[in-house]
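**Student:** Pasting a structure here, questions to come.
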Amino acid sequence: MKAAKTLIVITWDGVSKPLEYVLQDVERNFDLLIFDHSAKASKELVAHLNPEYFVSTRTENKGQIFHETYKYLYPNNEKRYEYIGVIDDDIYSSYSDLNKLIFIGQINHLDVFQPSITQDSYHDHQRYIHKPGIQIHETNWVEIMCPFYKEEIFKAIQPYCKLTISGQGIDIYLIPCLQKILGLNKTAVVHAIQIKHCRPVQSGNKIYSNGKNNLEEIESVRQASLQLVAETKPGIFDEEFINTTLEINHYTRNNFQVKWNRFKTLLKNLHLDLIKSSYR
C-alpha cells in the first residue's frame, strides 16, 4: 500500500443509492471505504464505485463506525495512511472537492480539519458555516459529521469509542486532549471547500442501546477526557485549555464565558467589516 495516502470512509444505509450525494466527477486521489451500517447489503451493490474496502456491519452511529473501521483496517496497528476522513451518507460533495480538501490539509500541515458547510445546511454549530474569502480558519475542534484526522489521532480515539455510540463528545472534548498529548495541534475549518448537510440532525433525542441519550454520552466522554488530563504528566495541559475546552458544556449553551467570547468575536468582526467598508 502506498504511504501517506488518505482514506475516506463514507457511510451507507445499504438501501439507498450508495454515494448518492457524492458527485464522481474526477479520478479520486484517496482510497475509499464504503461502510454499510445496516449489515444487509452486498459488495456487488457498490462494485461499480471501485472502493478499496467494503465493510458491512450493523452499527447505530458514528462512535461504533469509528471502532469497526479501526478493527477492520488495523489488525496489527500498522501505519497505513496520512489522514482518515469519515463522512456521513447525507453529505453533498464531489470527488474533486474532496481531492482539493485533502491537498489543502496537506499544504497547511493540518492535523484535524473539516470542510465548511453551506448556509442552507442542517447544522448545530454556526462556527462551521462557510465564510467567503477565507481558505482556512483555525479552530479548537471540528464536528463529528465530516472530520479528517491524522492517522495517529484516529487510532488514539479507539479505547474511548465504547463510551459513545453516537460519537458525540469525541469531537469536542476527547480529540483536543489527544492532540495535546500527541503534539498534533493544528486544527482548522477549510472554507475553500463547502459541503452541504442534506438531512436534519437526528441524534438529539435518540436513546441508544447503551441506555444513554446524546447528552449523556457527551458527558461520559467529557468525564473520560478530564480523567485523561489528570493522568497525563504535568506541563501538557494548561489551565486555559482546561477552562476553555473541558470545563465548558457546549451543549447547554448557558456558560457565561462562552457567551462573552462570542460577543468579543462579534465586536472584532464588526470592526473588521467597518475597516473593509472604508476602502470601498
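A note on labels: chains of the C-alpha cells are A, B, ... as shown, every chain counts residues from 1, and ligands are counted from 1 in their shown order.
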With a distance cut-off of 12 Å and only C-alpha atoms, select the neighbouring residues of Leu101 (chain A), excluding the residue or stretch itself and same-chain residues fewer than 6 positions from it, and output the selection as an MDAnalysis selection string.
**Tutor:** chainID A and resid 6 8 28:30 83 85 93:95 107:108 110 112:116 135:136 146:148 188:195
**Student:** Please provide the set of residues having any atom within 10 Å of Cys161 (chain A), restricted to only C-alpha atoms, with same-chain residues fewer than 6 positions apart removed, written as a list in words.
**Tutor:**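 Here the qualifying residues turn out to be Lys62, Gly63, Gln64, Ile65, Phe66, His67, Glu68, Gly167, Gln168, Ile170 and Val221 of chain A.
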**Student:** If we count only C-alpha atoms, what is near Thr232 (chain A) at a cut-off of 12 Å, once residues fewer than 4 positions away on the same chain are taken out, given as a list in words?
**Tutor:**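 After dropping sequence-adjacent residues, the list is Cys177, Leu178, Lys180, Ile181, Leu182, Ser225, Leu226, Gln227, Leu228, Ile236, Phe237 and Asp238 of chain A.
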**Student:** For the residues in that selection, give me C-alpha atoms as a PDB file, in the first residue's frame.
**Tutor:**
```pdb
ATOM      1  CA  CYS A 177      -6.926  16.299  24.541  1.00  0.00           C
ATOM      2  CA  LEU A 178      -5.378  13.622  22.340  1.00  0.00           C
ATOM      3  CA  LYS A 180      -2.187  17.907  23.054  1.00  0.00           C
ATOM      4  CA  ILE A 181      -0.693  14.587  24.141  1.00  0.00           C
ATOM      5  CA  LEU A 182       0.420  13.662  20.606  1.00  0.00           C
ATOM      6  CA  SER A 225     -11.260  13.422  28.981  1.00  0.00           C
ATOM      7  CA  LEU A 226     -10.918  15.053  32.402  1.00  0.00           C
ATOM      8  CA  GLN A 227      -9.546  11.754  33.728  1.00  0.00           C
ATOM      9  CA  LEU A 228      -7.097  11.574  30.821  1.00  0.00           C
ATOM     10  CA  ILE A 236       0.929  19.095  28.668  1.00  0.00           C
ATOM     11  CA  PHE A 237      -2.342  20.767  29.646  1.00  0.00           C
ATOM     12  CA  ASP A 238      -2.506  24.329  30.942  1.00  0.00           C
TER      13      ASP A 238
END
```
**Student:** Ranking A:Lys155, A:Cys198, A:Phe54, A:Ile134 by minimum distance to Glu20 (chain A) and counting only C-alpha atoms, which one comes first?
**Tutor:**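 Using only C-alpha atoms, the shortest distance to Glu20 (chain A) belongs to A:Cys198.
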**Student:** Under the rule that only C-alpha atoms are counted, which of A:Asn213, A:Asn185, A:Gln158, A:Ser121 is the nearest residue to Val201 (chain A)?
**Tutor:**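 Closest to Val201 (chain A) of all the choices is A:Ser121.
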**Student:** With distances taken over only C-alpha atoms, which residue among A:Glu78, A:Ile10, A:His197, A:Ile34 lies nearest Asp120 (chain A)?
**Tutor:**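 When distances to Asp120 (chain A) are compared using only C-alpha atoms, the smallest one comes from A:His197.
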**Student:** Find the residue from A:Phe35, A:Gln106, A:Asn210, A:Lys40 that sits nearest to Tyr70 (chain A); use only C-alpha atoms when measuring.
**Tutor:**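 For Tyr70 (chain A), the nearest of the given residues is A:Phe35.
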**Student:** In Å to one decimal, how far is CA of Asp90 (chain A) from CA of Gly14 (chain A)?
**Tutor:**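 Interatomic distance, CA of Gly14 (chain A) to CA of Asp90 (chain A): 13.2 Å.
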**Student:** Could you give me the residues within region 32-113 of chain A that DSSP places in alpha helix (DSSP H), as a list of chain:residue names?
**Tutor:**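 DSSP-assigned alpha helix (DSSP H) residues in region 32-113 of chain A: A:Lys62, A:Gly63, A:Gln64, A:Ile65, A:Phe66, A:His67, A:Glu68, A:Thr69, A:Tyr70, A:Lys71, A:Tyr72, A:Leu73, A:Tyr95, A:Ser96, A:Asp97, A:Leu98, A:Asn99, A:Lys100, A:Leu101, A:Ile102, A:Phe103, A:Ile104, A:Gly105, A:Gln106, A:Ile107.
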**Student:** For C-alpha atoms, I'd like the residues from the last selection saved as a short mmCIF file (atom, residue, chain, number, x, y, z; two decimals), in the first residue's frame.
**Tutor:**
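File produced: again-v6.cif:
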```cif
data_model
loop_
_atom_site.label_atom_id
_atom_site.label_comp_id
_atom_site.auth_asym_id
_atom_site.auth_seq_id
_atom_site.Cartn_x
_atom_site.Cartn_y
_atom_site.Cartn_z
CA LYS A 62 -20.54 7.28 14.39
CA GLY A 63 -18.76 6.04 17.52
CA GLN A 64 -19.34 2.43 16.52
CA ILE A 65 -18.40 3.20 12.91
CA PHE A 66 -15.05 4.62 14.09
CA HIS A 67 -14.39 1.48 16.11
CA GLU A 68 -15.43 -1.02 13.43
CA THR A 69 -13.35 0.83 10.83
CA TYR A 70 -10.33 0.68 13.13
CA LYS A 71 -10.78 -3.06 13.75
CA TYR A 72 -11.01 -3.71 10.02
CA LEU A 73 -8.04 -1.56 8.97
CA TYR A 95 -14.52 13.75 -5.66
CA SER A 96 -12.87 16.93 -6.93
CA ASP A 97 -13.75 18.87 -3.77
CA LEU A 98 -12.55 16.03 -1.55
CA ASN A 99 -9.28 15.84 -3.51
CA LYS A 100 -8.78 19.58 -3.02
CA LEU A 101 -9.75 19.39 0.66
CA ILE A 102 -7.03 16.82 1.31
CA PHE A 103 -4.50 18.89 -0.66
CA ILE A 104 -5.28 21.99 1.42
CA GLY A 105 -4.97 19.96 4.60
CA GLN A 106 -1.56 18.73 3.50
CA ILE A 107 -0.08 22.06 2.35
#
```
**Student:** Which residues come within 8 Å of Gly169 (chain A), counting only C-alpha atoms, excluding same-chain residues fewer than 4 positions away, as a ChimeraX atom specification?
**Tutor:** /A:164,173-174,217-222
**Student:** Extract, using only C-alpha atoms, all DNA, RNA and protein residues at most 7 Å from Lys196 (chain A), discarding same-chain residues fewer than 5 positions from it, and format them as a PyMOL selection string.
**Tutor:** chain A and resi 91-92+117-118+121
